[in-house]
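J.: Here it is: the structure, laid out below.
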Amino acid sequence: MDTIGVGLVSVGWMGRLHSRAYRALPDHFPELGAQPRLVVAADPIPEARAQAVDRLGYERAVADWHEVLADPAVDVVSICSPNFLHREMAVAAAQAGKPFWIEKPMGRSAEDSRGIHEAVQRSGVITSVGFNYRHAPAIERARELVRSGRLGRVTTVRGSFLADYSADPAAPLTWRFERDRAGSGVLGDLLSHGLDLAQYLVGRIASVTALADTVVTERPVPGSGIVDRSAAATGALGAVENEDYAALLLRFDGGAVGTMDSSRVMHGPHAEYTIEVYGTRGSVRWDFQRMNELQVALDGHEASGYTTHHVGPGDGEFGRFQPGAGTAMGYDDLKTIEAAQFVASVRRGEQLAPSVADGLSAASVVEAAEASLADGAWHDVARVDGPLTADAATPVL
């Protein structure tokens, strides 16, 4: 196997997950011929740097992320930092000629995402955006049914991305609630996943209208130190500057219409991320909380209504992880598939993984939705030039 040098920016939960995904590649995707070498991780927090070396296996850790891009042993870079740092880091990676895998949303706004996309177009580097739900085998089976015409003409799409990670009003006012550092709230954080899934399954979203609400308007200002969603916070209250809930009406190229909503403050759902596609001959429904099942209804079946398809070998990349249906894949496995698509893209010099153009495509829907929030009207979604993989054939790895 050829060694591929990995650099990591930000050693948080997602940075740890990227690292595990790289390490899993030789086991699950041996034909890639890639042996990841965890070269260097960057994080301003000393404890995180120690964890990168002691737990994750990086050869060294540094405080300044620029050192990751400057290291000649680094072949690919994972950018797992907060949203407000994405544009600067991604543009610098593109200018340094380093292929990068960046988490979504790519930036705080479509403007940030366009800046990243333009830098990548100039440099020509391979990229990947963290749209991991695309890679669920049930989604791949659903896409096959939709794109092959088995559902007939698609008429309606419904998506709902409901979570409780901010349901506690005593949770601290982290950067995710600040407009300057996070950009939008659930529009970028959760609905970017749903918008990408809808476009991956059905096709481009052409126009949108939206409404939004901030349910918890103030939160405790945290003290100094490492602050995450579970951290205790004391002191004064600060204003929440972006939305807790958003709902969209959608029009797709080709005539389908749809709805999509999302909340981070629901009591009950933990990660109830659902997508439904209805056609003139059938429909499919998927819920991330039952990731390995797909509800399918097709004309011509003896039983009317839905049947449950338990994914197995032959559905997406399931067979690389489990021997048969009923033995479940997990969330981390989706990131391993994501890492494999990224590394395969780099080795082949071909954009197979979700690209920054795909990231900008989702951000452009969010941009149109935010324009609608301001005036209540329908807004067209800006078209994106570049290697959109949402409409490409599923890559064979």
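Order determines the names: the first chain of the structure tokens is A, the second B, and so forth; residues in each chain are numbered 1 upward, and ligands are numbered 1 upward as they are shown.
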Show me, as a PyMOL selection string, the residues that have an atom within 10 Å of Pro36 of chain A when counting only C-alpha atoms, minus same-chain residues fewer than 3 positions from it.
T.: chain A and resi 1-6+19+21-26+33+39+75-76+343
J.: Quick check for you: according to DSSP on this backbone, which residues of segment 302-338 of chain A are classed as alpha helix (DSSP H)? Reply as a count of residues only.
T.: 8
J.: Taking only C-alpha atoms into account, name the residue in A:Gly130, A:Gly188, A:Gly7, A:Gly258 that is nearest to Ile205 of chain A.
T.: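 Going through A:Gly130, A:Gly188, A:Gly7, A:Gly258 one by one, the smallest distance to Ile205 of chain A is for A:Gly258.
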J.: Looking at only C-alpha atoms, which of A:Asn242, A:Leu8, A:Ser304, A:Arg87 is the one that sits closest to Glu59 of chain A?
T.: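 Between A:Asn242, A:Leu8, A:Ser304, A:Arg87, the residue approaching Glu59 of chain A most closely is A:Leu8.
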J.: Among the residues of segment 241-361 of chain A, find those DSSP assigns to strand (DSSP E) from the backbone and print them as a PyMOL selection string.
T.: chain A and resi 245-252+257-263+271-279+282-287+293-298+307-310
J.: Kindly save the residues from that selection, with C-alpha atoms included, as a PDB file, in the first residue's frame.
T.:
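again16.pdb was written with the following content:
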ATOM      1  CA  TYR A 245     -36.524  26.298  13.788  1.00  0.00           C
ATOM      2  CA  ALA A 246     -36.966  26.725  10.045  1.00  0.00           C
ATOM      3  CA  ALA A 247     -39.503  25.478   7.503  1.00  0.00           C
ATOM      4  CA  LEU A 248     -39.188  25.609   3.714  1.00  0.00           C
ATOM      5  CA  LEU A 249     -41.448  25.129   0.717  1.00  0.00           C
ATOM      6  CA  LEU A 250     -39.477  23.874  -2.278  1.00  0.00           C
ATOM      7  CA  ARG A 251     -39.832  23.692  -6.049  1.00  0.00           C
ATOM      8  CA  PHE A 252     -37.531  21.321  -7.928  1.00  0.00           C
ATOM      9  CA  VAL A 257     -42.611  20.250  -5.002  1.00  0.00           C
ATOM     10  CA  GLY A 258     -41.697  19.673  -1.391  1.00  0.00           C
ATOM     11  CA  THR A 259     -41.466  20.706   2.226  1.00  0.00           C
ATOM     12  CA  MET A 260     -38.587  20.572   4.666  1.00  0.00           C
ATOM     13  CA  ASP A 261     -38.295  21.679   8.269  1.00  0.00           C
ATOM     14  CA  SER A 262     -35.766  21.445  11.057  1.00  0.00           C
ATOM     15  CA  SER A 263     -35.432  22.184  14.759  1.00  0.00           C
ATOM     16  CA  ALA A 271     -31.739  12.771  15.685  1.00  0.00           C
ATOM     17  CA  GLU A 272     -34.977  12.217  13.789  1.00  0.00           C
ATOM     18  CA  TYR A 273     -33.707  12.952  10.298  1.00  0.00           C
ATOM     19  CA  THR A 274     -36.208  11.794   7.695  1.00  0.00           C
ATOM     20  CA  ILE A 275     -36.560  12.078   3.939  1.00  0.00           C
ATOM     21  CA  GLU A 276     -39.536  10.918   1.856  1.00  0.00           C
ATOM     22  CA  VAL A 277     -39.945  10.839  -1.935  1.00  0.00           C
ATOM     23  CA  TYR A 278     -43.358  10.304  -3.533  1.00  0.00           C
ATOM     24  CA  GLY A 279     -43.932   9.436  -7.176  1.00  0.00           C
ATOM     25  CA  GLY A 282     -44.548   4.484  -5.546  1.00  0.00           C
ATOM     26  CA  SER A 283     -42.648   6.104  -2.706  1.00  0.00           C
ATOM     27  CA  VAL A 284     -39.736   5.646  -0.290  1.00  0.00           C
ATOM     28  CA  ARG A 285     -39.263   6.813   3.297  1.00  0.00           C
ATOM     29  CA  TRP A 286     -36.072   6.824   5.406  1.00  0.00           C
ATOM     30  CA  ASP A 287     -35.361   7.756   9.025  1.00  0.00           C
ATOM     31  CA  GLU A 293     -34.181   0.246   6.955  1.00  0.00           C
ATOM     32  CA  LEU A 294     -35.977   1.724   3.956  1.00  0.00           C
ATOM     33  CA  GLN A 295     -39.758   1.894   3.696  1.00  0.00           C
ATOM     34  CA  VAL A 296     -40.783   1.141   0.104  1.00  0.00           C
ATOM     35  CA  ALA A 297     -44.175   1.215  -1.607  1.00  0.00           C
ATOM     36  CA  LEU A 298     -44.347   0.233  -5.287  1.00  0.00           C
ATOM     37  CA  THR A 307     -42.821  -2.885   3.092  1.00  0.00           C
ATOM     38  CA  THR A 308     -39.585  -2.670   5.058  1.00  0.00           C
ATOM     39  CA  HIS A 309     -36.398  -3.271   3.117  1.00  0.00           C
ATOM     40  CA  HIS A 310     -33.550  -4.215   5.476  1.00  0.00           C
TER      41      HIS A 310
END
J.: Pick from A:Gly326, A:Pro387, A:Gly316, A:Gly115: nearest to Glu144 of chain A, with only C-alpha atoms counted?
T.: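 Looking at the shortest contact to Glu144 of chain A, the residue is A:Gly316.
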J.: So how far away is atom CA of Ala374 of chain A from atom CA of Leu211 of chain A, in Å?
T.: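 Atom-to-atom, atom CA of Leu211 of chain A and atom CA of Ala374 of chain A are spaced 9.2 Å apart.
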J.: Fewer than 2 positions away in the same chain doesn't count, so skip those; otherwise give me all residues within 10 Å of segment 174-185 of chain A, counting only C-alpha atoms, as a PDB file with N, CA, C and O atoms, in the first residue's frame.
T.:
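For reference, selection-v5.pdb as written:
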ATOM      1  N   PRO A  82     -14.693  25.171  13.714  1.00  0.00           N
ATOM      2  CA  PRO A  82     -15.985  25.868  13.674  1.00  0.00           C
ATOM      3  C   PRO A  82     -16.188  26.640  12.374  1.00  0.00           C
ATOM      4  O   PRO A  82     -15.231  27.009  11.683  1.00  0.00           O
ATOM      5  N   ASN A  83     -17.467  26.913  12.072  1.00  0.00           N
ATOM      6  CA  ASN A  83     -17.853  27.493  10.780  1.00  0.00           C
ATOM      7  C   ASN A  83     -17.091  28.765  10.423  1.00  0.00           C
ATOM      8  O   ASN A  83     -16.721  28.976   9.263  1.00  0.00           O
ATOM      9  N   PHE A  84     -16.854  29.629  11.412  1.00  0.00           N
ATOM     10  CA  PHE A  84     -16.290  30.943  11.104  1.00  0.00           C
ATOM     11  C   PHE A  84     -14.836  30.873  10.660  1.00  0.00           C
ATOM     12  O   PHE A  84     -14.294  31.853  10.150  1.00  0.00           O
ATOM     13  N   LEU A  85     -14.201  29.717  10.804  1.00  0.00           N
ATOM     14  CA  LEU A  85     -12.822  29.529  10.368  1.00  0.00           C
ATOM     15  C   LEU A  85     -12.713  28.807   9.025  1.00  0.00           C
ATOM     16  O   LEU A  85     -11.628  28.732   8.441  1.00  0.00           O
ATOM     17  N   PRO A 105     -21.779  23.191   7.538  1.00  0.00           N
ATOM     18  CA  PRO A 105     -21.760  23.954   6.289  1.00  0.00           C
ATOM     19  C   PRO A 105     -20.356  24.465   5.988  1.00  0.00           C
ATOM     20  O   PRO A 105     -19.575  24.704   6.908  1.00  0.00           O
ATOM     21  N   GLY A 107     -19.245  27.248   5.071  1.00  0.00           N
ATOM     22  CA  GLY A 107     -18.964  28.551   5.655  1.00  0.00           C
ATOM     23  C   GLY A 107     -20.178  29.070   6.385  1.00  0.00           C
ATOM     24  O   GLY A 107     -21.200  28.401   6.482  1.00  0.00           O
ATOM     25  N   ARG A 108     -20.066  30.278   6.879  1.00  0.00           N
ATOM     26  CA  ARG A 108     -21.185  30.884   7.596  1.00  0.00           C
ATOM     27  C   ARG A 108     -22.300  31.308   6.660  1.00  0.00           C
ATOM     28  O   ARG A 108     -23.424  31.547   7.103  1.00  0.00           O
ATOM     29  N   SER A 109     -22.009  31.392   5.381  1.00  0.00           N
ATOM     30  CA  SER A 109     -22.963  31.937   4.419  1.00  0.00           C
ATOM     31  C   SER A 109     -22.619  31.408   3.041  1.00  0.00           C
ATOM     32  O   SER A 109     -21.563  30.803   2.816  1.00  0.00           O
ATOM     33  N   ALA A 110     -23.531  31.666   2.089  1.00  0.00           N
ATOM     34  CA  ALA A 110     -23.238  31.322   0.702  1.00  0.00           C
ATOM     35  C   ALA A 110     -22.040  32.124   0.191  1.00  0.00           C
ATOM     36  O   ALA A 110     -21.269  31.631  -0.646  1.00  0.00           O
ATOM     37  N   ASP A 112     -19.347  32.942   1.923  1.00  0.00           N
ATOM     38  CA  ASP A 112     -18.182  32.169   2.346  1.00  0.00           C
ATOM     39  C   ASP A 112     -17.979  30.956   1.441  1.00  0.00           C
ATOM     40  O   ASP A 112     -16.861  30.647   1.009  1.00  0.00           O
ATOM     41  N   SER A 166     -30.264  21.358  21.535  1.00  0.00           N
ATOM     42  CA  SER A 166     -30.341  22.678  22.164  1.00  0.00           C
ATOM     43  C   SER A 166     -31.667  22.889  22.895  1.00  0.00           C
ATOM     44  O   SER A 166     -32.067  24.035  23.145  1.00  0.00           O
ATOM     45  N   ALA A 171     -28.573  25.485  28.538  1.00  0.00           N
ATOM     46  CA  ALA A 171     -27.329  25.173  27.834  1.00  0.00           C
ATOM     47  C   ALA A 171     -26.624  26.465  27.445  1.00  0.00           C
ATOM     48  O   ALA A 171     -27.272  27.470  27.139  1.00  0.00           O
ATOM     49  N   PRO A 172     -25.283  26.472  27.451  1.00  0.00           N
ATOM     50  CA  PRO A 172     -24.556  27.736  27.281  1.00  0.00           C
ATOM     51  C   PRO A 172     -24.645  28.307  25.877  1.00  0.00           C
ATOM     52  O   PRO A 172     -24.908  27.606  24.897  1.00  0.00           O
ATOM     53  N   LEU A 187     -30.736  26.194   9.660  1.00  0.00           N
ATOM     54  CA  LEU A 187     -30.686  26.211   8.202  1.00  0.00           C
ATOM     55  C   LEU A 187     -29.362  25.653   7.686  1.00  0.00           C
ATOM     56  O   LEU A 187     -29.334  24.814   6.779  1.00  0.00           O
ATOM     57  N   GLY A 188     -28.258  26.124   8.249  1.00  0.00           N
ATOM     58  CA  GLY A 188     -26.961  25.630   7.813  1.00  0.00           C
ATOM     59  C   GLY A 188     -26.530  24.364   8.516  1.00  0.00           C
ATOM     60  O   GLY A 188     -25.924  23.475   7.911  1.00  0.00           O
ATOM     61  N   ASP A 189     -26.868  24.255   9.799  1.00  0.00           N
ATOM     62  CA  ASP A 189     -26.349  23.154  10.595  1.00  0.00           C
ATOM     63  C   ASP A 189     -27.003  21.827  10.251  1.00  0.00           C
ATOM     64  O   ASP A 189     -26.321  20.829  10.006  1.00  0.00           O
ATOM     65  N   LEU A 190     -28.334  21.779  10.223  1.00  0.00           N
ATOM     66  CA  LEU A 190     -29.055  20.537   9.948  1.00  0.00           C
ATOM     67  C   LEU A 190     -29.675  20.505   8.557  1.00  0.00           C
ATOM     68  O   LEU A 190     -29.574  19.505   7.848  1.00  0.00           O
ATOM     69  N   LEU A 191     -30.323  21.600   8.148  1.00  0.00           N
ATOM     70  CA  LEU A 191     -31.028  21.552   6.873  1.00  0.00           C
ATOM     71  C   LEU A 191     -30.089  21.471   5.678  1.00  0.00           C
ATOM     72  O   LEU A 191     -30.503  21.012   4.609  1.00  0.00           O
ATOM     73  N   ALA A 212     -39.096  31.051   9.851  1.00  0.00           N
ATOM     74  CA  ALA A 212     -38.189  30.610  10.906  1.00  0.00           C
ATOM     75  C   ALA A 212     -38.611  31.217  12.238  1.00  0.00           C
ATOM     76  O   ALA A 212     -39.357  32.200  12.288  1.00  0.00           O
ATOM     77  N   THR A 214     -36.995  31.685  16.530  1.00  0.00           N
ATOM     78  CA  THR A 214     -36.040  31.430  17.609  1.00  0.00           C
ATOM     79  C   THR A 214     -36.845  31.177  18.866  1.00  0.00           C
ATOM     80  O   THR A 214     -37.496  32.088  19.397  1.00  0.00           O
ATOM     81  N   THR A 217     -34.662  32.458  23.207  1.00  0.00           N
ATOM     82  CA  THR A 217     -34.096  33.724  22.722  1.00  0.00           C
ATOM     83  C   THR A 217     -32.864  34.175  23.488  1.00  0.00           C
ATOM     84  O   THR A 217     -32.104  35.009  22.996  1.00  0.00           O
ATOM     85  N   GLU A 218     -32.648  33.638  24.707  1.00  0.00           N
ATOM     86  CA  GLU A 218     -31.466  33.984  25.504  1.00  0.00           C
ATOM     87  C   GLU A 218     -30.897  32.719  26.139  1.00  0.00           C
ATOM     88  O   GLU A 218     -31.636  31.802  26.493  1.00  0.00           O
ATOM     89  N   ARG A 219     -29.581  32.721  26.307  1.00  0.00           N
ATOM     90  CA  ARG A 219     -28.894  31.596  26.945  1.00  0.00           C
ATOM     91  C   ARG A 219     -27.795  32.129  27.854  1.00  0.00           C
ATOM     92  O   ARG A 219     -27.277  33.242  27.650  1.00  0.00           O
ATOM     93  N   PRO A 220     -27.366  31.316  28.845  1.00  0.00           N
ATOM     94  CA  PRO A 220     -26.302  31.755  29.745  1.00  0.00           C
ATOM     95  C   PRO A 220     -24.972  31.937  29.017  1.00  0.00           C
ATOM     96  O   PRO A 220     -24.566  31.093  28.224  1.00  0.00           O
ATOM     97  N   VAL A 221     -24.327  33.043  29.303  1.00  0.00           N
ATOM     98  CA  VAL A 221     -23.006  33.291  28.730  1.00  0.00           C
ATOM     99  C   VAL A 221     -21.993  32.419  29.458  1.00  0.00           C
ATOM    100  O   VAL A 221     -21.913  32.438  30.689  1.00  0.00           O
ATOM    101  N   PRO A 222     -21.196  31.634  28.729  1.00  0.00           N
ATOM    102  CA  PRO A 222     -20.249  30.722  29.391  1.00  0.00           C
ATOM    103  C   PRO A 222     -19.029  31.460  29.912  1.00  0.00           C
ATOM    104  O   PRO A 222     -18.698  32.566  29.477  1.00  0.00           O
ATOM    105  N   VAL A 227     -15.784  25.056  25.902  1.00  0.00           N
ATOM    106  CA  VAL A 227     -17.235  25.112  26.070  1.00  0.00           C
ATOM    107  C   VAL A 227     -17.883  24.298  24.965  1.00  0.00           C
ATOM    108  O   VAL A 227     -17.614  24.519  23.788  1.00  0.00           O
ATOM    109  N   ASP A 228     -18.705  23.328  25.317  1.00  0.00           N
ATOM    110  CA  ASP A 228     -19.490  22.603  24.330  1.00  0.00           C
ATOM    111  C   ASP A 228     -20.939  22.596  24.772  1.00  0.00           C
ATOM    112  O   ASP A 228     -21.323  23.256  25.721  1.00  0.00           O
ATOM    113  N   ARG A 229     -21.758  21.815  24.064  1.00  0.00           N
ATOM    114  CA  ARG A 229     -23.190  21.858  24.330  1.00  0.00           C
ATOM    115  C   ARG A 229     -23.550  21.383  25.728  1.00  0.00           C
ATOM    116  O   ARG A 229     -24.583  21.732  26.268  1.00  0.00           O
ATOM    117  N   ALA A 231     -21.562  21.736  28.459  1.00  0.00           N
ATOM    118  CA  ALA A 231     -20.811  22.432  29.493  1.00  0.00           C
ATOM    119  C   ALA A 231     -21.730  23.257  30.390  1.00  0.00           C
ATOM    120  O   ALA A 231     -22.723  23.833  29.944  1.00  0.00           O
ATOM    121  N   ALA A 233     -22.767  26.479  32.437  1.00  0.00           N
ATOM    122  CA  ALA A 233     -22.530  27.900  32.192  1.00  0.00           C
ATOM    123  C   ALA A 233     -23.164  28.717  33.307  1.00  0.00           C
ATOM    124  O   ALA A 233     -24.210  28.370  33.840  1.00  0.00           O
ATOM    125  N   GLY A 238     -27.147  35.978  27.297  1.00  0.00           N
ATOM    126  CA  GLY A 238     -26.848  36.622  26.029  1.00  0.00           C
ATOM    127  C   GLY A 238     -27.882  36.225  24.991  1.00  0.00           C
ATOM    128  O   GLY A 238     -28.542  35.183  25.101  1.00  0.00           O
ATOM    129  N   ALA A 239     -28.034  37.047  23.961  1.00  0.00           N
ATOM    130  CA  ALA A 239     -29.059  36.818  22.939  1.00  0.00           C
ATOM    131  C   ALA A 239     -28.652  35.716  21.975  1.00  0.00           C
ATOM    132  O   ALA A 239     -27.495  35.646  21.529  1.00  0.00           O
ATOM    133  N   VAL A 240     -29.592  34.836  21.643  1.00  0.00           N
ATOM    134  CA  VAL A 240     -29.429  33.868  20.561  1.00  0.00           C
ATOM    135  C   VAL A 240     -29.707  34.607  19.256  1.00  0.00           C
ATOM    136  O   VAL A 240     -30.762  35.205  19.086  1.00  0.00           O
ATOM    137  N   GLU A 241     -28.759  34.562  18.324  1.00  0.00           N
ATOM    138  CA  GLU A 241     -28.813  35.431  17.151  1.00  0.00           C
ATOM    139  C   GLU A 241     -29.257  34.737  15.870  1.00  0.00           C
ATOM    140  O   GLU A 241     -29.365  35.392  14.821  1.00  0.00           O
ATOM    141  N   ASN A 242     -29.490  33.426  15.935  1.00  0.00           N
ATOM    142  CA  ASN A 242     -29.952  32.731  14.734  1.00  0.00           C
ATOM    143  C   ASN A 242     -31.110  31.803  15.087  1.00  0.00           C
ATOM    144  O   ASN A 242     -31.487  31.672  16.258  1.00  0.00           O
ATOM    145  N   GLU A 243     -31.654  31.143  14.094  1.00  0.00           N
ATOM    146  CA  GLU A 243     -32.930  30.459  14.252  1.00  0.00           C
ATOM    147  C   GLU A 243     -32.796  29.061  14.873  1.00  0.00           C
ATOM    148  O   GLU A 243     -31.855  28.324  14.575  1.00  0.00           O
ATOM    149  N   ASP A 244     -33.770  28.731  15.747  1.00  0.00           N
ATOM    150  CA  ASP A 244     -33.892  27.382  16.307  1.00  0.00           C
ATOM    151  C   ASP A 244     -34.706  26.470  15.399  1.00  0.00           C
ATOM    152  O   ASP A 244     -34.554  25.247  15.442  1.00  0.00           O
ATOM    153  N   TYR A 245     -35.608  27.074  14.632  1.00  0.00           N
ATOM    154  CA  TYR A 245     -36.524  26.298  13.788  1.00  0.00           C
ATOM    155  C   TYR A 245     -36.637  26.982  12.439  1.00  0.00           C
ATOM    156  O   TYR A 245     -36.633  28.219  12.341  1.00  0.00           O
ATOM    157  N   ALA A 246     -36.739  26.186  11.381  1.00  0.00           N
ATOM    158  CA  ALA A 246     -36.966  26.725  10.045  1.00  0.00           C
ATOM    159  C   ALA A 246     -37.818  25.750   9.254  1.00  0.00           C
ATOM    160  O   ALA A 246     -37.721  24.529   9.434  1.00  0.00           O
ATOM    161  N   SER A 262     -36.814  21.890  10.146  1.00  0.00           N
ATOM    162  CA  SER A 262     -35.766  21.445  11.057  1.00  0.00           C
ATOM    163  C   SER A 262     -35.845  22.228  12.357  1.00  0.00           C
ATOM    164  O   SER A 262     -36.233  23.403  12.376  1.00  0.00           O
ATOM    165  N   SER A 263     -35.487  21.552  13.443  1.00  0.00           N
ATOM    166  CA  SER A 263     -35.432  22.184  14.759  1.00  0.00           C
ATOM    167  C   SER A 263     -34.276  21.601  15.550  1.00  0.00           C
ATOM    168  O   SER A 263     -33.960  20.423  15.427  1.00  0.00           O
ATOM    169  N   ARG A 264     -33.652  22.445  16.380  1.00  0.00           N
ATOM    170  CA  ARG A 264     -32.627  21.971  17.305  1.00  0.00           C
ATOM    171  C   ARG A 264     -33.126  21.985  18.738  1.00  0.00           C
ATOM    172  O   ARG A 264     -32.364  21.682  19.662  1.00  0.00           O
ATOM    173  N   VAL A 366     -29.972  27.688   1.139  1.00  0.00           N
ATOM    174  CA  VAL A 366     -30.070  28.420   2.412  1.00  0.00           C
ATOM    175  C   VAL A 366     -30.090  29.919   2.158  1.00  0.00           C
ATOM    176  O   VAL A 366     -30.871  30.667   2.782  1.00  0.00           O
ATOM    177  N   GLU A 367     -29.264  30.396   1.242  1.00  0.00           N
ATOM    178  CA  GLU A 367     -29.225  31.820   0.912  1.00  0.00           C
ATOM    179  C   GLU A 367     -30.589  32.295   0.412  1.00  0.00           C
ATOM    180  O   GLU A 367     -31.091  33.356   0.831  1.00  0.00           O
ATOM    181  N   GLU A 370     -33.020  32.448   3.334  1.00  0.00           N
ATOM    182  CA  GLU A 370     -32.831  33.617   4.191  1.00  0.00           C
ATOM    183  C   GLU A 370     -33.357  34.883   3.524  1.00  0.00           C
ATOM    184  O   GLU A 370     -33.884  35.774   4.204  1.00  0.00           O
TER     185      GLU A 370
END
J.: What is the distance between atom CA of Arg141 of chain A and atom CA of Asp315 of chain A, in Å to one decimal?
T.: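 The value is 5.8 Å.
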J.: Find the spatial neighbours of Gly57 of chain A, counting only C-alpha atoms, within a cut-off of 10 Å - ignore same-chain residues fewer than 2 positions away - and output them as a ChimeraX atom specification.
T.: /A:19-20,23,37-41,51-55,59-60
J.: Mind running segment 195-311 of chain A against segment 354-357 of chain A at 12 Å and telling me each contacting residue's nearest atom pair with the distance in Å (one decimal), counting only C-alpha atoms, chain and number ascending, as a Markdown table?
T.:
| residue | atom | partner | partner_atom | distance |
| --- | --- | --- | --- | --- |
| A:Asp196 | CA | A:Pro354 | CA | 9.6 |
| A:Leu197 | CA | A:Pro354 | CA | 11.2 |
| A:Gln199 | CA | A:Pro354 | CA | 11.9 |
| A:Tyr200 | CA | A:Pro354 | CA | 9.9 |
J.: Excluding segment 42-48 of chain A and residues on its chain fewer than 6 positions from it, collect all residues at most 7 Å away from it, counting only C-alpha atoms, and give them as a PDB file with C-alpha atoms, in the first residue's frame.
T.:
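Heads up, here's the output in around31.pdb:
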ATOM      1  CA  LEU A   8      -6.040  17.478  10.732  1.00  0.00           C
ATOM      2  CA  VAL A   9      -7.283  20.941  11.701  1.00  0.00           C
ATOM      3  CA  SER A  10      -9.258  20.934  14.989  1.00  0.00           C
ATOM      4  CA  VAL A  11      -9.309  17.933  17.313  1.00  0.00           C
ATOM      5  CA  ALA A  61       0.486  18.186  17.198  1.00  0.00           C
ATOM      6  CA  VAL A  62       0.812  21.942  16.769  1.00  0.00           C
ATOM      7  CA  ALA A  63      -1.114  25.041  17.811  1.00  0.00           C
ATOM      8  CA  ASP A  64      -0.990  26.822  14.438  1.00  0.00           C
ATOM      9  CA  TRP A  65      -3.002  25.264  11.597  1.00  0.00           C
ATOM     10  CA  VAL A  68      -0.385  21.569   8.724  1.00  0.00           C
TER      11      VAL A  68
END
J.: Would you mind reading off the distance between atom CA of Gly300 of chain A and atom CA of Val154 of chain A, one decimal, in Å?
T.: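 Distance reported for this atom pair: 17.4 Å.
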